[in-house]
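One file, model_5.cif, carrying mmCIF, C-alpha atoms and all ligand atoms:
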data_my_file
#
loop_
_atom_site.group_PDB
_atom_site.id
_atom_site.type_symbol
_atom_site.label_atom_id
_atom_site.label_comp_id
_atom_site.auth_asym_id
_atom_site.auth_seq_id
_atom_site.Cartn_x
_atom_site.Cartn_y
_atom_site.Cartn_z
ATOM 1 C CA MET A 173 0.000 0.000 0.000
ATOM 2 C CA CYS A 174 1.196 3.445 -0.866
ATOM 3 C CA LEU A 175 2.300 5.741 1.877
ATOM 4 C CA ILE A 176 -0.287 8.392 1.173
ATOM 5 C CA ASN A 177 -1.189 8.619 4.839
ATOM 6 C CA LEU A 178 2.358 9.517 5.769
ATOM 7 C CA LEU A 179 2.555 12.055 3.005
ATOM 8 C CA LEU A 180 -0.696 13.677 4.012
ATOM 9 C CA LYS A 181 0.333 13.700 7.643
ATOM 10 C CA LYS A 182 3.147 15.998 6.649
ATOM 11 C CA VAL A 183 0.669 18.504 5.288
ATOM 12 C CA GLY A 184 -1.802 18.042 8.146
ATOM 13 C CA LEU A 185 -4.509 16.162 6.290
ATOM 14 C CA GLU A 186 -4.253 12.801 8.006
ATOM 15 C CA ARG A 187 -7.490 13.068 9.949
ATOM 16 C CA SER A 188 -9.690 13.630 6.931
ATOM 17 C CA ILE A 189 -8.156 10.791 4.949
ATOM 18 C CA THR A 190 -8.103 8.108 7.634
ATOM 19 C CA ALA A 191 -11.804 7.416 7.463
ATOM 20 C CA GLY A 192 -11.709 6.816 3.729
ATOM 21 C CA TYR A 193 -9.062 4.164 4.137
ATOM 22 C CA THR A 194 -10.691 2.143 6.871
ATOM 23 C CA GLY A 195 -11.189 -1.401 5.718
ATOM 24 C CA HIS A 196 -8.565 -1.189 3.008
ATOM 25 C CA ILE A 197 -5.589 -1.551 5.296
ATOM 26 C CA MET A 198 -5.249 -5.314 4.840
ATOM 27 C CA THR A 199 -6.073 -5.429 1.134
ATOM 28 C CA GLU A 200 -3.882 -4.915 -1.869
ATOM 29 C CA ALA A 201 -4.606 -1.395 -3.070
ATOM 30 C CA LEU A 202 -3.553 -0.963 -6.669
ATOM 31 C CA ILE A 203 -5.014 2.486 -7.331
ATOM 32 C CA GLU A 204 -5.275 5.118 -4.604
ATOM 33 C CA LEU A 205 -6.490 8.667 -4.917
ATOM 34 C CA ALA A 206 -6.285 11.084 -2.007
ATOM 35 C CA HIS A 207 -8.038 14.436 -2.221
ATOM 36 C CA VAL A 208 -7.601 14.699 -5.957
ATOM 37 C CA TRP A 209 -8.791 17.875 -7.668
ATOM 38 C CA LYS A 210 -8.668 18.779 -11.342
ATOM 39 C CA ILE A 211 -9.488 22.369 -12.160
ATOM 40 C CA PHE A 212 -9.400 23.667 -15.736
ATOM 41 C CA GLY A 213 -8.938 27.397 -16.327
ATOM 42 C CA GLU A 214 -8.641 30.084 -13.677
ATOM 43 C CA ALA A 215 -10.711 32.488 -11.589
ATOM 44 C CA GLU A 216 -14.235 33.026 -12.988
ATOM 45 C CA ALA A 217 -13.466 30.786 -15.969
ATOM 46 C CA ALA A 218 -12.430 27.865 -13.737
ATOM 47 C CA THR A 219 -14.189 24.519 -14.134
ATOM 48 C CA VAL A 220 -13.821 22.046 -11.305
ATOM 49 C CA ALA A 221 -13.921 18.737 -13.183
ATOM 50 C CA VAL A 222 -12.733 16.517 -10.302
ATOM 51 C CA ARG A 223 -13.579 17.633 -6.792
ATOM 52 C CA ASP A 224 -11.730 16.252 -3.780
ATOM 53 C CA VAL A 225 -11.918 12.611 -4.824
ATOM 54 C CA SER A 226 -10.452 9.992 -2.487
ATOM 55 C CA LEU A 227 -10.868 6.354 -3.421
ATOM 56 C CA THR A 228 -9.091 3.034 -3.421
ATOM 57 C CA ILE A 229 -9.342 0.263 -5.973
ATOM 58 C CA ASP A 230 -7.882 -3.077 -4.990
ATOM 59 C CA LYS A 231 -6.043 -5.521 -7.181
ATOM 60 C CA GLY A 232 -8.499 -7.668 -9.104
ATOM 61 C CA GLU A 233 -11.557 -5.456 -8.624
ATOM 62 C CA PHE A 234 -14.079 -4.705 -11.362
ATOM 63 C CA VAL A 235 -15.351 -1.186 -10.715
ATOM 64 C CA ALA A 236 -17.927 0.765 -12.706
ATOM 65 C CA ILE A 237 -17.955 4.570 -12.689
ATOM 66 C CA MET A 238 -21.285 6.213 -13.408
ATOM 67 C CA GLY A 239 -22.502 9.792 -13.569
ATOM 68 C CA ALA A 240 -24.261 12.298 -15.811
ATOM 69 C CA SER A 241 -22.595 13.774 -18.883
ATOM 70 C CA GLY A 242 -20.102 16.425 -17.801
ATOM 71 C CA SER A 243 -19.871 15.087 -14.235
ATOM 72 C CA GLY A 244 -16.128 14.475 -14.598
ATOM 73 C CA LYS A 245 -15.863 10.747 -15.327
ATOM 74 C CA SER A 246 -13.413 11.042 -18.224
ATOM 75 C CA THR A 247 -11.319 13.613 -16.404
ATOM 76 C CA LEU A 248 -11.152 11.260 -13.418
ATOM 77 C CA MET A 249 -10.113 8.389 -15.714
ATOM 78 C CA TYR A 250 -7.370 10.586 -17.171
ATOM 79 C CA GLN A 251 -6.028 11.203 -13.663
ATOM 80 C CA ILE A 252 -6.170 7.493 -12.752
ATOM 81 C CA GLY A 253 -4.486 6.659 -16.044
ATOM 82 C CA ILE A 254 -1.813 9.309 -15.430
ATOM 83 C CA LEU A 255 -2.524 10.786 -18.839
ATOM 84 C CA ASP A 256 -2.855 14.027 -16.910
ATOM 85 C CA VAL A 257 -1.676 15.306 -13.526
ATOM 86 C CA PRO A 258 -4.106 16.526 -10.868
ATOM 87 C CA THR A 259 -4.245 20.178 -9.878
ATOM 88 C CA ARG A 260 -4.100 19.036 -6.253
ATOM 89 C CA GLY A 261 -4.005 15.743 -4.386
ATOM 90 C CA GLU A 262 -2.018 12.548 -4.688
ATOM 91 C CA ILE A 263 -2.402 9.441 -6.787
ATOM 92 C CA CYS A 264 -0.618 6.168 -6.210
ATOM 93 C CA ILE A 265 -0.563 3.437 -8.795
ATOM 94 C CA LYS A 266 1.073 0.199 -7.659
ATOM 95 C CA ASP A 267 2.674 2.058 -4.783
ATOM 96 C CA HIS A 268 4.195 4.694 -7.063
ATOM 97 C CA ARG A 269 3.406 8.233 -6.002
ATOM 98 C CA ILE A 270 2.640 10.118 -9.166
ATOM 99 C CA SER A 271 3.690 13.482 -7.710
ATOM 100 C CA GLU A 272 7.205 12.158 -7.189
ATOM 101 C CA MET A 273 7.676 10.939 -10.750
ATOM 102 C CA ASP A 274 8.873 12.883 -13.777
ATOM 103 C CA GLU A 275 7.123 12.618 -17.141
ATOM 104 C CA ASN A 276 9.407 9.803 -18.359
ATOM 105 C CA GLU A 277 8.711 7.708 -15.274
ATOM 106 C CA ARG A 278 4.993 8.329 -15.597
ATOM 107 C CA ALA A 279 5.098 7.305 -19.257
ATOM 108 C CA ARG A 280 6.884 4.073 -18.347
ATOM 109 C CA LEU A 281 4.376 3.249 -15.622
ATOM 110 C CA ARG A 282 1.518 3.995 -18.010
ATOM 111 C CA ARG A 283 3.044 1.789 -20.693
ATOM 112 C CA ASP A 284 3.752 -1.159 -18.396
ATOM 113 C CA VAL A 285 0.777 -1.196 -16.026
ATOM 114 C CA LEU A 286 -2.176 0.466 -17.745
ATOM 115 C CA GLY A 287 -4.239 -0.364 -20.804
ATOM 116 C CA PHE A 288 -6.784 2.121 -22.182
ATOM 117 C CA VAL A 289 -9.967 1.598 -24.137
ATOM 118 C CA PHE A 290 -11.887 4.692 -25.259
ATOM 119 C CA GLN A 291 -15.371 5.288 -26.602
ATOM 120 C CA GLN A 292 -13.948 6.583 -29.916
ATOM 121 C CA PHE A 293 -11.560 3.593 -30.351
ATOM 122 C CA ASN A 294 -8.616 5.976 -31.095
ATOM 123 C CA LEU A 295 -6.962 3.629 -33.589
ATOM 124 C CA VAL A 296 -4.304 4.944 -35.981
ATOM 125 C CA PRO A 297 -6.195 5.160 -39.310
ATOM 126 C CA THR A 298 -3.114 4.665 -41.500
ATOM 127 C CA PHE A 299 -2.003 1.518 -39.651
ATOM 128 C CA THR A 300 -3.451 -1.920 -40.249
ATOM 129 C CA VAL A 301 -5.220 -3.826 -37.487
ATOM 130 C CA LEU A 302 -2.020 -5.792 -36.794
ATOM 131 C CA GLU A 303 0.146 -2.644 -36.754
ATOM 132 C CA ASN A 304 -2.232 -0.872 -34.369
ATOM 133 C CA VAL A 305 -1.873 -3.681 -31.850
ATOM 134 C CA GLU A 306 1.912 -3.669 -32.270
ATOM 135 C CA VAL A 307 2.271 0.035 -31.375
ATOM 136 C CA PRO A 308 2.548 -0.349 -27.565
ATOM 137 C CA MET A 309 5.136 -3.098 -28.056
ATOM 138 C CA VAL A 310 7.194 -0.920 -30.436
ATOM 139 C CA LEU A 311 7.323 1.638 -27.616
ATOM 140 C CA ARG A 312 8.721 -1.093 -25.361
ATOM 141 C CA ASN A 313 11.287 -2.167 -27.988
ATOM 142 C CA VAL A 314 9.899 -5.693 -28.320
ATOM 143 C CA ASP A 315 11.495 -7.247 -31.395
ATOM 144 C CA GLU A 316 9.488 -7.447 -34.562
ATOM 145 C CA SER A 317 8.775 -11.166 -34.791
ATOM 146 C CA GLU A 318 7.790 -11.402 -31.135
ATOM 147 C CA ARG A 319 5.452 -8.409 -31.258
ATOM 148 C CA ARG A 320 3.867 -9.591 -34.506
ATOM 149 C CA GLU A 321 3.243 -13.010 -32.973
ATOM 150 C CA ARG A 322 1.724 -11.556 -29.809
ATOM 151 C CA ALA A 323 -0.465 -9.136 -31.772
ATOM 152 C CA LYS A 324 -1.747 -12.033 -33.891
ATOM 153 C CA THR A 325 -2.464 -14.167 -30.834
ATOM 154 C CA LEU A 326 -4.397 -11.345 -29.163
ATOM 155 C CA LEU A 327 -6.377 -10.576 -32.313
ATOM 156 C CA ASP A 328 -7.143 -14.280 -32.810
ATOM 157 C CA SER A 329 -8.470 -14.499 -29.267
ATOM 158 C CA LEU A 330 -10.770 -11.550 -30.014
ATOM 159 C CA GLU A 331 -12.014 -13.197 -33.218
ATOM 160 C CA LEU A 332 -10.193 -10.807 -35.514
ATOM 161 C CA GLY A 333 -7.638 -13.205 -36.968
ATOM 162 C CA HIS A 334 -9.239 -12.757 -40.397
ATOM 163 C CA ARG A 335 -8.883 -8.945 -40.352
ATOM 164 C CA LEU A 336 -5.165 -8.478 -39.628
ATOM 165 C CA ASP A 337 -4.427 -6.506 -42.797
ATOM 166 C CA TYR A 338 -7.586 -4.393 -42.770
ATOM 167 C CA TYR A 339 -7.533 -0.698 -41.919
ATOM 168 C CA PRO A 340 -9.728 0.639 -39.097
ATOM 169 C CA ASN A 341 -12.195 2.289 -41.492
ATOM 170 C CA GLN A 342 -12.840 -1.128 -43.074
ATOM 171 C CA LEU A 343 -14.126 -2.524 -39.762
ATOM 172 C CA SER A 344 -17.408 -2.308 -37.879
ATOM 173 C CA GLY A 345 -17.513 -0.369 -34.617
ATOM 174 C CA GLY A 346 -17.508 -3.561 -32.562
ATOM 175 C CA GLN A 347 -14.510 -4.871 -34.481
ATOM 176 C CA GLN A 348 -12.631 -1.581 -34.051
ATOM 177 C CA GLN A 349 -13.268 -1.691 -30.325
ATOM 178 C CA ARG A 350 -11.928 -5.240 -30.160
ATOM 179 C CA VAL A 351 -8.762 -4.053 -31.948
ATOM 180 C CA ALA A 352 -8.527 -1.297 -29.333
ATOM 181 C CA ILE A 353 -8.862 -3.924 -26.587
ATOM 182 C CA ALA A 354 -6.142 -6.052 -28.195
ATOM 183 C CA ARG A 355 -3.931 -2.957 -28.302
ATOM 184 C CA ALA A 356 -4.705 -2.226 -24.633
ATOM 185 C CA LEU A 357 -3.619 -5.788 -23.794
ATOM 186 C CA ALA A 358 -0.420 -5.719 -25.862
ATOM 187 C CA ASN A 359 1.874 -5.098 -22.900
ATOM 188 C CA ASP A 360 -0.162 -7.318 -20.576
ATOM 189 C CA PRO A 361 -1.212 -4.521 -18.197
ATOM 190 C CA GLU A 362 -2.549 -5.217 -14.710
ATOM 191 C CA ILE A 363 -5.144 -2.470 -15.047
ATOM 192 C CA ILE A 364 -7.626 -1.871 -17.854
ATOM 193 C CA LEU A 365 -9.271 1.555 -17.944
ATOM 194 C CA ALA A 366 -12.270 1.639 -20.267
ATOM 195 C CA ASP A 367 -14.112 4.932 -20.813
ATOM 196 C CA GLU A 368 -17.550 4.153 -22.246
ATOM 197 C CA PRO A 369 -16.149 1.385 -24.466
ATOM 198 C CA THR A 370 -19.665 0.355 -25.445
ATOM 199 C CA GLY A 371 -20.957 3.908 -25.941
ATOM 200 C CA ASN A 372 -20.662 3.854 -29.747
ATOM 201 C CA LEU A 373 -21.746 0.250 -30.191
ATOM 202 C CA ASP A 374 -25.025 -1.531 -30.808
ATOM 203 C CA THR A 375 -26.301 -3.711 -27.961
ATOM 204 C CA LYS A 376 -24.846 -6.965 -29.298
ATOM 205 C CA SER A 377 -21.337 -5.555 -29.908
ATOM 206 C CA GLY A 378 -21.544 -3.780 -26.554
ATOM 207 C CA GLU A 379 -22.353 -7.075 -24.836
ATOM 208 C CA MET A 380 -19.394 -8.718 -26.544
ATOM 209 C CA VAL A 381 -17.032 -5.965 -25.373
ATOM 210 C CA PHE A 382 -18.431 -6.226 -21.846
ATOM 211 C CA ASP A 383 -17.995 -10.016 -21.898
ATOM 212 C CA ILE A 384 -14.366 -9.557 -22.933
ATOM 213 C CA LEU A 385 -13.811 -7.197 -19.985
ATOM 214 C CA THR A 386 -15.463 -9.757 -17.695
ATOM 215 C CA ALA A 387 -13.186 -12.503 -19.035
ATOM 216 C CA LEU A 388 -10.153 -10.288 -18.429
ATOM 217 C CA HIS A 389 -11.382 -9.668 -14.901
ATOM 218 C CA ASP A 390 -11.717 -13.446 -14.411
ATOM 219 C CA GLN A 391 -8.079 -13.729 -15.506
ATOM 220 C CA GLY A 392 -7.121 -11.411 -12.652
ATOM 221 C CA LYS A 393 -7.014 -8.006 -14.303
ATOM 222 C CA THR A 394 -8.285 -4.945 -12.493
ATOM 223 C CA ILE A 395 -11.004 -3.257 -14.525
ATOM 224 C CA VAL A 396 -12.280 0.310 -14.233
ATOM 225 C CA LEU A 397 -15.207 0.912 -16.555
ATOM 226 C CA VAL A 398 -17.032 4.176 -17.192
ATOM 227 C CA THR A 399 -20.524 3.462 -18.438
ATOM 228 C CA HIS A 400 -23.893 5.130 -18.819
ATOM 229 C CA ASP A 401 -25.556 1.738 -18.924
ATOM 230 C CA PRO A 402 -26.972 0.719 -15.515
ATOM 231 C CA ASN A 403 -27.365 -2.872 -16.743
ATOM 232 C CA LEU A 404 -23.620 -3.112 -17.340
ATOM 233 C CA ALA A 405 -22.726 -1.242 -14.148
ATOM 234 C CA ARG A 406 -24.829 -3.691 -12.147
ATOM 235 C CA ARG A 407 -22.667 -6.534 -13.392
ATOM 236 C CA ALA A 408 -19.486 -4.924 -12.019
ATOM 237 C CA GLU A 409 -18.479 -5.655 -8.430
ATOM 238 C CA ARG A 410 -18.834 -2.066 -7.260
ATOM 239 C CA THR A 411 -20.151 1.196 -8.641
ATOM 240 C CA ILE A 412 -18.644 4.598 -7.930
ATOM 241 C CA ARG A 413 -21.062 7.451 -8.621
ATOM 242 C CA ILE A 414 -19.800 10.861 -9.667
ATOM 243 C CA GLN A 415 -21.759 14.094 -9.453
ATOM 244 C CA ASP A 416 -20.274 17.535 -10.177
ATOM 245 C CA GLY A 417 -16.794 16.031 -10.021
ATOM 246 C CA ALA A 418 -17.272 14.453 -6.592
ATOM 247 C CA VAL A 419 -17.892 10.881 -5.467
ATOM 248 C CA VAL A 420 -21.418 10.650 -4.035
HETATM 249 N N1 LIG A 501 -9.531 20.236 -21.254
HETATM 250 C C1 LIG A 501 -10.569 20.833 -20.662
HETATM 251 N N2 LIG A 501 -10.629 22.169 -20.512
HETATM 252 C C2 LIG A 501 -11.654 22.759 -19.879
HETATM 253 N N3 LIG A 501 -12.700 22.095 -19.346
HETATM 254 C C3 LIG A 501 -12.704 20.766 -19.469
HETATM 255 C C4 LIG A 501 -11.657 20.045 -20.138
HETATM 256 N N4 LIG A 501 -11.947 18.723 -20.090
HETATM 257 C C5 LIG A 501 -13.124 18.623 -19.446
HETATM 258 N N5 LIG A 501 -13.572 19.839 -19.074
HETATM 259 C C6 LIG A 501 -14.819 20.120 -18.338
HETATM 260 O O1 LIG A 501 -14.848 19.295 -17.194
HETATM 261 C C7 LIG A 501 -16.146 18.790 -16.956
HETATM 262 C C8 LIG A 501 -16.110 17.275 -16.890
HETATM 263 O O2 LIG A 501 -15.828 16.752 -18.212
HETATM 264 P P1 LIG A 501 -15.669 15.203 -18.484
HETATM 265 O O3 LIG A 501 -15.282 15.055 -19.906
HETATM 266 O O4 LIG A 501 -14.750 14.644 -17.474
HETATM 267 O O5 LIG A 501 -17.143 14.686 -18.225
HETATM 268 P P2 LIG A 501 -17.758 13.217 -18.424
HETATM 269 O O6 LIG A 501 -18.407 12.854 -17.141
HETATM 270 O O7 LIG A 501 -16.734 12.306 -18.975
HETATM 271 O O8 LIG A 501 -18.911 13.483 -19.513
HETATM 272 P P3 LIG A 501 -19.465 12.487 -20.687
HETATM 273 O O9 LIG A 501 -20.357 11.490 -20.010
HETATM 274 O O10 LIG A 501 -20.246 13.434 -21.555
HETATM 275 O O11 LIG A 501 -18.301 11.882 -21.373
HETATM 276 C C9 LIG A 501 -17.042 19.351 -18.053
HETATM 277 O O12 LIG A 501 -17.708 20.467 -17.563
HETATM 278 C C10 LIG A 501 -16.051 19.746 -19.130
HETATM 279 O O13 LIG A 501 -16.512 20.837 -19.869
HETATM 280 MG MG MG A 502 -16.546 11.246 -20.769
#
Just dump the structure as structure tokens.
Ligand SMILES: Nc1ncnc2c1ncn2[C@@H]1O[C@H](COP(=O)(O)OP(=O)(O)OP(=O)(O)O)[C@@H](O)[C@H]1O
Ligand SMILES: [Mg+2]
Amino acid sequence: MCLINLLLKKVGLERSITAGYTGHIMTEALIELAHVWKIFGEAEAATVAVRDVSLTIDKGEFVAIMGASGSGKSTLMYQIGILDVPTRGEICIKDHRISEMDENERARLRRDVLGFVFQQFNLVPTFTVLENVEVPMVLRNVDESERRERAKTLLDSLELGHRLDYYPNQLSGGQQQRVAIARALANDPEIILADEPTGNLDTKSGEMVFDILTALHDQGKTIVLVTHDPNLARRAERTIRIQDGAVV
């Protein structure tokens, strides 16, 4: 467990945080947020997108995040995924304090521990399906034959073995999202962060994506899923509700 409590003690916040951590002392916290704020803009133009969020997600949990449009879910996911740094507060991922890391260290942690799946797929349009899945491994300097083999295996397991040389715009939405999942899995991350991965999909493709996330959870991965769909959220182990940037 990260030493957030000690850190906060130094700045006199230990009393307010202790309550939030009760019950998590003996578990294996993988993601910890302590009094995280994200404020865009300044003065009258300021938007508080994440408001004093403290939460813990343990290794192997499947957590759903729900909340109205604009409530701050994506911004929160960006903080958890260290794609962004909070305005205030501390985040620990696998016992690494984000505030103590430089951008290179954060990029390495992101690459090795986190896999992202977005609503808009975010595939590289000029790369083939196979090449898209290879990208995270190129960044890790995995040699060509090994990364090609792993990308093929992942795509096969997601029933895309027959689309390796297609380009993203030649695929259905559900297929594109499965490529995005294969890419997220390329470096075998412990944590999968999925921000409305079924939001652009029909019900059947959405179910398939959800089933894949469930299977990954069964394999031991920690899943954080943003969804508007209460039927999907209900099937997660725990739901975190966000309103006006705060956990409610
Ligand atoms: N880069 C930014 N600059 C300024 N404001 C931002 C920025 N990103 C988000 N916001 C604001 O922060 C608030 C939360 O946005 P966010 O995208 O996190 O909401 P969300 O819950 O993901 O919504 P949705 O369900 O529509 O995806 C919104 O008011 C938004 O306008
Ligand atoms: Mg969003």
Answer as a ChimeraX atom specification, residues within 12 Å of (-3.7, 11.4, -15.6) using only C-alpha atoms: /A:205,208-210,222,246-259,262-265,270-271,275,278-279,281-282,286,288,365
Glu233 of chain A: which residues within 7 Å, counting all atoms listed in the file, same-chain residues fewer than 2 positions away excluded, as a PDB file with C-alpha atoms, keeping the file's coordinate frame?
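What landed in out-v1.pdb:
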ATOM      1  CA  ILE A 229      -9.342   0.263  -5.973  1.00  0.00           C
ATOM      2  CA  ASP A 230      -7.882  -3.077  -4.990  1.00  0.00           C
ATOM      3  CA  LYS A 231      -6.043  -5.521  -7.181  1.00  0.00           C
ATOM      4  CA  VAL A 235     -15.351  -1.186 -10.715  1.00  0.00           C
ATOM      5  CA  THR A 394      -8.285  -4.945 -12.493  1.00  0.00           C
ATOM      6  CA  ILE A 395     -11.004  -3.257 -14.525  1.00  0.00           C
ATOM      7  CA  GLU A 409     -18.479  -5.655  -8.430  1.00  0.00           C
TER       8      GLU A 409
END
Which residues are near Thr219 of chain A? Cut-off 10 Å, all atoms listed in the file, ignore same chain within fewer than 6 positions. Put them as a VMD selection string. chain A and resid 210 to 213 417
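Take atom CA of Leu227 of chain A and atom CA of Ala206 of chain A: the distance between them is 6.7 Å.
Taken over the shown file, the PyMOL selection byres (((not hetatm)) within 9 of (chain A and resi 502)) identifies A:Ser241, A:Gly242, A:Ser243, A:Gly244, A:Lys245, A:Ser246, A:Thr247, A:Met249, A:Gln291, A:Asp367, A:Glu368, A:Val398.
Those DNA, RNA and protein residues that approach the point (-0.6, 0.4, -8.2) to within 7 Å, considering only C-alpha atoms, are Ala201, Leu202, Ile203, Cys264, Ile265, Lys266, Asp267 and His268 of chain A.
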How many Å lie between atom CA of Ile353 of chain A and atom CA of Val310 of chain A, rounded to one decimal?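 Pair atom CA of Ile353 of chain A / atom CA of Val310 of chain A returns 16.8 Å.
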I would like the residues chosen by the PyMOL selection byres (((chain A and resi 410-413) around 8) and not hetatm) on the shown file; could you give them as a count of residues only? 14
Under the rule that all atoms listed in the file are counted, which of A:Phe290, A:Arg322, A:His334, A:Ala352 is the nearest residue to ligand LIG 501 (chain A)? A:Phe290
Please, what distance in Å, to one decimal, runs between atom CA of Lys376 of chain A and atom CA of Tyr339 of chain A? 22.3 Å
Take the PyMOL selection byres (((chain A and resi 371) around 12) and not hetatm), run it mentally on this structure, and tell me the resulting residues as a list of chain:residue names. A:Val289, A:Phe290, A:Gln291, A:Gln292, A:Phe293, A:Gly345, A:Gly346, A:Gln349, A:Ala366, A:Asp367, A:Glu368, A:Pro369, A:Thr370, A:Asn372, A:Leu373, A:Asp374, A:Thr375, A:Ser377, A:Gly378, A:Glu379, A:Val381, A:Phe382, A:Leu397, A:Val398, A:Thr399, A:His400, A:Asp401, A:Leu404
Rank nothing, just name the residue among A:His207, A:Ser329, A:Leu336, A:Asp315 nearest to Gly261 of chain A, using all atoms listed in the file. A:His207
A:Glu214, A:Asp224, A:Glu303, A:Asp390 ranked by distance to ligand LIG 501 (chain A), top pick (using all atoms listed in the file):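 Smallest distance to ligand LIG 501 (chain A) is found for A:Glu214.
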Could I see segment 330-344 of chain A restored to N, CA and C atoms, set down as an mmCIF file, keeping the file's coordinate frame?
data_model
loop_
_atom_site.group_PDB
_atom_site.id
_atom_site.type_symbol
_atom_site.label_atom_id
_atom_site.label_comp_id
_atom_site.auth_asym_id
_atom_site.auth_seq_id
_atom_site.Cartn_x
_atom_site.Cartn_y
_atom_site.Cartn_z
ATOM 1 N N LEU A 330 -9.634 -12.465 -29.948
ATOM 2 C CA LEU A 330 -10.770 -11.550 -30.014
ATOM 3 C C LEU A 330 -11.524 -11.699 -31.340
ATOM 4 N N GLU A 331 -11.301 -12.843 -31.977
ATOM 5 C CA GLU A 331 -12.014 -13.197 -33.218
ATOM 6 C C GLU A 331 -11.780 -12.201 -34.342
ATOM 7 N N LEU A 332 -10.534 -11.742 -34.436
ATOM 8 C CA LEU A 332 -10.193 -10.807 -35.514
ATOM 9 C C LEU A 332 -9.031 -11.321 -36.364
ATOM 10 N N GLY A 333 -8.750 -12.611 -36.229
ATOM 11 C CA GLY A 333 -7.638 -13.205 -36.968
ATOM 12 C C GLY A 333 -7.775 -13.060 -38.475
ATOM 13 N N HIS A 334 -9.012 -12.875 -38.945
ATOM 14 C CA HIS A 334 -9.239 -12.757 -40.397
ATOM 15 C C HIS A 334 -9.219 -11.300 -40.863
ATOM 16 N N ARG A 335 -8.857 -10.365 -39.986
ATOM 17 C CA ARG A 335 -8.883 -8.945 -40.352
ATOM 18 C C ARG A 335 -7.530 -8.252 -40.102
ATOM 19 N N LEU A 336 -6.466 -9.031 -40.018
ATOM 20 C CA LEU A 336 -5.165 -8.478 -39.628
ATOM 21 C C LEU A 336 -4.682 -7.360 -40.542
ATOM 22 N N ASP A 337 -4.949 -7.487 -41.836
ATOM 23 C CA ASP A 337 -4.427 -6.506 -42.797
ATOM 24 C C ASP A 337 -5.445 -5.437 -43.177
ATOM 25 N N TYR A 338 -6.591 -5.432 -42.510
ATOM 26 C CA TYR A 338 -7.586 -4.393 -42.770
ATOM 27 C C TYR A 338 -7.154 -3.090 -42.099
ATOM 28 N N TYR A 339 -7.729 -1.992 -42.575
ATOM 29 C CA TYR A 339 -7.533 -0.698 -41.919
ATOM 30 C C TYR A 339 -8.758 -0.411 -41.057
ATOM 31 N N PRO A 340 -8.600 0.406 -40.009
ATOM 32 C CA PRO A 340 -9.728 0.639 -39.097
ATOM 33 C C PRO A 340 -11.031 1.021 -39.799
ATOM 34 N N ASN A 341 -10.937 1.856 -40.852
ATOM 35 C CA ASN A 341 -12.195 2.289 -41.492
ATOM 36 C C ASN A 341 -12.862 1.177 -42.311
ATOM 37 N N GLN A 342 -12.220 0.015 -42.386
ATOM 38 C CA GLN A 342 -12.840 -1.128 -43.074
ATOM 39 C C GLN A 342 -13.507 -2.087 -42.085
ATOM 40 N N LEU A 343 -13.564 -1.657 -40.804
ATOM 41 C CA LEU A 343 -14.126 -2.524 -39.762
ATOM 42 C C LEU A 343 -15.404 -1.927 -39.187
ATOM 43 N N SER A 344 -16.235 -2.786 -38.623
ATOM 44 C CA SER A 344 -17.408 -2.308 -37.879
ATOM 45 C C SER A 344 -16.936 -1.692 -36.558
#
